[in-house]
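Below is protein_18.txt, holding compact mmCIF, C-alpha atoms.
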```txt
# COMPACT_ATOMS: atom_id res chain seq x y z
CA MET A 1 67.92 81.04 107.03
CA ARG A 2 68.96 83.67 109.59
CA ASP A 3 66.46 84.30 112.37
CA ARG A 4 66.79 88.00 113.22
CA ARG A 5 64.82 87.67 116.44
CA THR A 6 67.05 85.07 118.03
CA ASN A 7 70.20 86.09 116.13
CA THR A 8 70.87 82.51 115.05
CA VAL A 9 72.06 81.14 111.75
CA GLN A 10 71.99 77.81 109.96
CA LEU A 11 75.74 77.18 109.87
CA LEU A 12 75.96 75.42 106.51
CA GLU A 13 73.81 78.05 104.84
CA ALA A 14 76.06 80.80 106.16
CA ASP A 15 79.22 78.88 105.23
CA PRO A 16 78.41 76.31 102.50
CA GLU A 17 82.08 75.40 101.98
CA LEU A 18 82.01 73.51 105.28
CA ALA A 19 79.74 70.92 103.64
CA ARG A 20 82.01 70.33 100.66
CA GLY A 21 82.98 66.84 101.84
CA LEU A 22 79.38 65.71 102.41
CA ASP A 23 77.05 64.11 99.90
CA ALA A 24 73.70 65.83 99.34
CA PRO A 25 71.59 63.81 101.83
CA ARG A 26 74.12 64.18 104.67
CA ALA A 27 74.59 67.87 103.87
CA ARG A 28 70.83 68.43 104.17
CA GLU A 29 70.74 66.53 107.45
CA ALA A 30 73.65 68.51 108.86
CA ALA A 31 72.13 71.80 107.73
CA GLU A 32 68.94 71.03 109.63
CA ARG A 33 70.83 70.25 112.84
CA LEU A 34 73.63 72.79 112.95
CA TYR A 35 72.40 76.15 114.17
CA THR A 36 74.51 78.63 116.07
CA ARG A 37 74.45 82.17 117.42
CA THR A 38 75.85 85.03 115.36
CA ILE A 39 77.38 88.34 116.37
CA ASP A 40 77.21 91.49 114.23
CA ILE A 41 80.30 93.64 114.66
CA PRO A 42 80.34 97.31 113.60
CA ARG A 43 83.45 98.77 112.07
CA GLY A 44 86.00 99.88 114.66
CA ARG A 45 87.56 98.57 117.84
CA TRP A 46 86.13 95.33 119.13
CA THR A 47 86.54 93.15 122.22
CA PRO A 48 85.73 89.45 121.61
CA GLN A 49 86.03 88.24 125.22
CA PRO A 50 82.48 89.15 126.37
CA TRP A 51 81.09 86.92 123.63
CA LEU A 52 83.16 83.97 124.83
CA THR A 53 81.61 83.77 128.28
CA GLY A 54 78.39 82.23 129.54
CA GLY A 55 76.28 79.44 128.07
CA SER A 56 77.96 76.39 126.61
CA GLN A 57 81.74 76.62 126.86
CA PRO A 58 83.00 78.52 123.81
CA ILE A 59 85.65 77.14 121.48
CA GLY A 60 86.06 80.08 119.13
CA LEU A 61 84.49 82.33 116.55
CA LEU A 62 84.03 81.65 112.84
CA VAL A 63 84.16 84.69 110.57
CA LEU A 64 81.17 84.73 108.21
CA GLU A 65 81.40 88.20 106.69
CA GLY A 66 83.74 91.17 106.71
CA LEU A 67 87.32 91.72 107.79
CA LEU A 68 88.87 91.61 111.26
CA VAL A 69 92.34 92.72 112.30
CA ARG A 70 94.19 91.16 115.20
CA GLU A 71 97.15 93.23 116.41
CA ALA A 72 99.74 91.89 118.84
CA THR A 73 102.10 94.45 120.37
CA VAL A 74 105.40 93.55 122.05
CA ARG A 75 107.56 96.37 123.43
CA SER A 76 105.67 98.98 121.38
CA HIS A 77 106.14 96.99 118.14
CA PRO A 78 102.78 95.95 116.63
CA CYS A 79 102.21 92.98 114.34
CA ALA A 80 98.89 92.67 112.49
CA GLU A 81 96.95 89.74 111.03
CA LEU A 82 94.04 90.10 108.64
CA LEU A 83 91.13 87.67 109.06
CA GLY A 84 88.24 87.16 106.68
CA PRO A 85 85.32 84.86 105.88
CA GLY A 86 86.02 81.25 106.76
CA ASP A 87 88.72 81.97 109.33
CA LEU A 88 88.31 80.36 112.74
CA LEU A 89 89.76 82.28 115.63
CA ARG A 90 90.16 81.43 119.27
CA ALA A 91 90.28 84.70 121.14
CA SER A 92 92.19 84.59 124.41
CA ASP A 93 90.21 85.23 127.56
CA GLY A 94 93.23 86.81 129.25
CA ARG A 95 93.84 83.93 131.67
CA ASP A 96 96.89 82.40 130.01
CA ALA A 97 99.05 81.49 133.01
CA ASP A 98 102.00 80.50 130.79
CA GLU A 99 102.55 83.96 129.33
CA LEU A 100 105.98 85.20 130.37
CA LEU A 101 106.55 87.85 127.69
CA PRO A 102 104.33 90.91 128.16
CA ARG A 103 102.14 91.53 125.14
CA ARG A 104 98.93 93.31 124.24
CA ILE A 105 96.30 91.93 121.88
CA ASP A 106 93.87 94.33 120.21
CA TRP A 107 91.02 93.56 117.84
CA ALA A 108 89.26 95.75 115.30
CA ALA A 109 86.75 95.28 112.52
CA ALA A 110 88.17 96.78 109.32
CA THR A 111 84.65 96.55 107.88
CA SER A 112 81.32 95.66 109.39
CA ALA A 113 81.54 91.95 110.12
CA ARG A 114 79.59 88.95 111.31
CA VAL A 115 80.96 85.97 113.23
CA ALA A 116 79.38 82.72 114.41
CA LEU A 117 79.95 81.31 117.87
CA VAL A 118 81.47 77.83 117.89
CA ASP A 119 80.86 76.32 121.32
CA GLN A 120 80.93 72.83 122.82
CA ALA A 121 77.22 72.29 122.21
CA LEU A 122 77.72 72.91 118.49
CA ALA A 123 80.82 70.71 118.47
CA VAL A 124 78.88 67.81 119.99
CA ARG A 125 76.22 68.06 117.29
CA MET A 126 78.89 68.48 114.62
CA ALA A 127 80.64 65.24 115.66
CA GLN A 128 78.22 63.26 113.48
CA TRP A 129 79.82 64.86 110.42
CA PRO A 130 83.62 64.61 110.79
CA GLU A 131 84.03 66.06 107.31
CA ILE A 132 83.04 69.44 108.72
CA PHE A 133 85.72 69.19 111.41
CA GLY A 134 88.16 68.28 108.63
CA ALA A 135 87.20 71.42 106.73
CA LEU A 136 87.81 73.55 109.83
CA MET A 137 91.20 71.89 110.36
CA ASP A 138 92.14 72.65 106.74
CA ARG A 139 91.29 76.28 107.31
CA ALA A 140 93.36 76.43 110.48
CA ALA A 141 96.30 74.97 108.57
CA ARG A 142 95.92 77.52 105.75
CA ARG A 143 95.78 80.34 108.28
CA ALA A 144 98.98 79.08 109.93
CA GLU A 145 100.68 78.93 106.53
CA ARG A 146 99.64 82.50 105.72
CA LEU A 147 101.07 83.65 109.04
CA VAL A 148 104.42 81.99 108.29
CA VAL A 149 104.54 83.53 104.82
CA THR A 150 103.69 86.95 106.27
CA GLN A 151 106.49 86.50 108.80
CA ALA A 152 108.89 85.67 105.97
CA ILE A 153 107.79 88.80 104.09
CA ALA A 154 108.59 90.90 107.17
CA HIS A 155 112.22 89.71 106.89
CA ILE A 156 112.70 91.16 103.39
CA THR A 157 115.15 94.05 103.61
CA ARG A 158 113.38 96.77 101.63
CA VAL A 159 109.98 98.03 102.77
CA ASP A 160 108.72 98.50 99.20
CA GLU A 161 109.56 94.86 98.44
CA ARG A 162 107.74 93.76 101.60
CA LEU A 163 104.63 95.70 100.65
CA LEU A 164 104.55 94.44 97.08
CA SER A 165 104.97 90.86 98.28
CA LEU A 166 102.23 91.34 100.86
CA LEU A 167 99.80 92.76 98.30
CA TRP A 168 100.37 89.75 96.04
CA LEU A 169 99.82 87.46 99.02
CA LEU A 170 96.52 89.22 99.75
CA ALA A 171 95.63 88.89 96.07
CA GLU A 172 95.75 85.10 96.37
CA ARG A 173 92.66 85.34 98.55
CA TRP A 174 91.00 88.64 97.76
CA GLY A 175 92.20 89.39 94.22
CA ARG A 176 90.50 89.18 90.84
CA VAL A 177 91.78 89.75 87.34
CA VAL A 178 90.89 93.08 85.74
CA PRO A 179 92.17 94.70 82.55
CA GLY A 180 95.84 95.46 83.09
CA GLY A 181 96.39 93.67 86.36
CA VAL A 182 94.93 92.10 89.49
CA LEU A 183 92.55 94.07 91.68
CA VAL A 184 92.71 93.74 95.47
CA SER A 185 89.59 95.46 96.83
CA LEU A 186 90.79 95.95 100.39
CA ARG A 187 90.83 99.38 102.01
CA LEU A 188 93.48 98.89 104.67
CA PRO A 189 94.97 101.80 106.64
CA HIS A 190 98.71 102.28 106.47
CA ARG A 191 98.94 101.37 110.15
CA THR A 192 97.56 97.88 109.41
CA LEU A 193 99.86 97.40 106.41
CA ALA A 194 102.78 98.51 108.57
CA GLY A 195 101.90 95.93 111.22
CA MET A 196 101.70 93.20 108.60
CA VAL A 197 105.13 93.90 107.08
CA GLY A 198 107.00 94.89 110.26
CA ALA A 199 107.58 98.54 109.37
CA ARG A 200 106.67 101.98 110.66
CA ARG A 201 103.66 103.75 109.19
CA PRO A 202 105.67 106.65 107.64
CA SER A 203 107.95 104.12 105.92
CA VAL A 204 104.90 102.35 104.48
CA THR A 205 103.48 105.60 103.14
CA THR A 206 106.81 106.39 101.45
CA ALA A 207 107.18 102.87 100.04
CA LEU A 208 103.66 102.86 98.59
CA GLY A 209 104.46 106.13 96.84
CA GLN A 210 107.61 104.55 95.38
CA LEU A 211 105.67 101.53 94.11
CA MET A 212 103.03 103.74 92.49
CA ALA A 213 105.71 105.92 90.88
CA ARG A 214 107.37 102.79 89.52
CA GLY A 215 104.08 101.54 88.10
CA ALA A 216 104.06 98.33 90.14
CA ILE A 217 100.74 99.23 91.77
CA GLU A 218 97.89 101.66 91.19
CA ARG A 219 95.61 103.09 93.85
CA ARG A 220 91.92 103.06 92.95
CA PRO A 221 89.57 105.91 93.96
CA ASP A 222 87.69 103.46 96.21
CA GLY A 223 90.88 102.61 98.11
CA GLY A 224 91.60 99.28 96.41
CA TRP A 225 94.85 98.39 94.66
CA VAL A 226 95.60 97.19 91.14
CA LEU A 227 98.76 95.08 90.97
CA ARG A 228 100.60 95.44 87.68
CA GLY A 229 102.76 92.79 86.03
CA SER A 230 103.49 89.60 87.96
CA ALA A 231 104.32 88.71 91.53
CA PRO A 232 107.91 89.57 92.54
CA ALA A 233 110.36 86.71 92.14
CA GLU A 234 113.65 86.08 93.93
CA GLY A 235 116.01 88.98 93.31
CA ARG A 236 113.54 90.92 91.14
CA LEU A 237 111.30 93.86 91.84
CA GLY A 238 110.01 95.20 88.57
CA VAL A 239 107.04 95.62 86.32
CA GLU A 240 106.37 93.24 83.46
CA ASP A 241 103.60 93.00 80.94
CA ALA A 242 100.32 92.55 82.82
CA THR A 243 99.51 89.49 80.74
CA THR A 244 102.18 87.60 82.69
CA ALA A 245 100.33 88.06 85.98
CA MET A 246 99.61 84.94 88.00
CA PRO A 247 96.29 83.26 87.10
CA PHE A 248 93.22 83.92 89.19
CA GLU A 249 89.66 82.73 89.08
CA GLN A 250 87.50 85.19 87.18
CA ARG A 251 85.41 86.03 90.18
CA ARG A 252 84.93 88.78 92.75
CA VAL A 253 85.61 88.00 96.39
CA GLY A 254 82.94 89.89 98.32
CA VAL A 255 84.16 92.07 101.16
CA PRO A 256 81.40 94.08 102.84
CA THR A 257 82.05 97.72 103.59
```
Render the structure in this file as structure tokens.
Amino acid sequence: MRDRRTNTVQLLEADPELARGLDAPRAREAAERLYTRTIDIPRGRWTPQPWLTGGSQPIGLLVLEGLLVREATVRSHPCAELLGPGDLLRASDGRDADELLPRRIDWAAATSARVALVDQALAVRMAQWPEIFGALMDRAARRAERLVVTQAIAHITRVDERLLSLLWLLAERWGRVVPGGVLVSLRLPHRTLAGMVGARRPSVTTALGQLMARGAIERRPDGGWVLRGSAPAEGRLGVEDATTAMPFEQRRVGVPT
């Protein structure tokens, strides 16, 4: 249970999936031992570095709620990554001596968010349950795979194809089946979408209009997207019967606003 006075959280209560590899007795034992500090982040620009100083040496931050955007800019060209619940990030403290290529890293909360501090003190306590470390490693591997797939999407020639592919990629994590398609309840500004597909914001606005005119996507009044038909295949960008859409769990992925 979260203690609002000390701003701490029982890690396995906040993120139960971390205990998936533990039997019930060991999960209860771990839950009683693994507490950590949490940080509430309001929507807007955010600087993680101040939270990674002082106390036990920090390792990173675990996203518990909400959406964060990391934007890396090289020679005025931004590239964006979307992070959500379960993602573990290691924010740079700006002291990377090996950096030769100038770059700028900016962070923002796309929604109000909450992260948990993962520091060395927590890691020492967590060492008794290697299954939890295994779960964190799995998440790091999935995040790396998503980054590679996003990079591949950015190499697709047409911007509308990039955007449609990106929306289907986001649907794998944040989508749910609704009548007539798959709903992705993410309100992302065109700037963020542009950074994720390697395009300029005006090109993204134009391409989204083309996709809506074609019937491949539908914009909801709340800012979410309904994807029609099925995910684009090699050499095809069209709209098929919505019943052919890729299968999804019949569940809503909660994204706080």
**OP:** Excluding Thr205 of chain A and any residue of its chain fewer than 5 positions from it, enumerate the residues within 9 Å of it, using all atoms listed in the file, and give them as a count of residues only.
**Re:** 4
Original post:
Could you state the separation of atom CA of Arg139 of chain A and atom CA of Leu88 of chain A in Å, given to one decimal place?
Top reply: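 According to the coordinates, atom CA of Arg139 of chain A and atom CA of Leu88 of chain A are separated by 7.4 Å.
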What are the closest atom pairs, with distances in Å to one decimal, for each residue of segment 114-192 of chain A lying within 9 Å of segment 96-110 of chain A, using all atoms listed in the file, rows by chain and rising residue number, as a Markdown table?
```
| residue | atom | partner | partner_atom | distance |
| --- | --- | --- | --- | --- |
| A:Arg187 | CA | A:Ala110 | CA | 8.2 |
| A:Leu188 | CA | A:Ala110 | CA | 7.4 |
| A:Pro189 | CA | A:Ala110 | CA | 8.9 |
```
For segment 61-96 of chain A against segment 25-36 of chain A, with a cut-off of 12 Å and counting all atoms listed in the file, what is the closest atom pair and its distance in Å to one decimal for every residue that makes the cut, ordered by chain and number, as CSV?
```
residue,atom,partner,partner_atom,distance
A:Leu61,CA,A:Thr36,CA,10.7
A:Leu62,CA,A:Thr36,CA,10.5
A:Leu64,CA,A:Thr36,CA,12.0
```
Original post:
Hey, which of A:Ala233, A:Ala135, A:Leu169, A:Cys79 ends up closest to Glu17 of chain A? Count all atoms listed in the file.
Top reply: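 The closest residue to Glu17 of chain A is A:Ala135.
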**OP:** Could you give me, as a VMD selection string, the residues within 7 Å of segment 38-52 of chain A, counting only C-alpha atoms and dropping anything in the same chain fewer than 4 positions from it?
**Re:** chain A and resid 7 to 9 58 91 93 107 to 117
**OP:** Could you jot down the atom CA of Ala171 of chain A to atom CA of Asp15 of chain A separation for me, Å, one decimal place?
**Re:**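 These atoms are spaced 21.3 Å apart.
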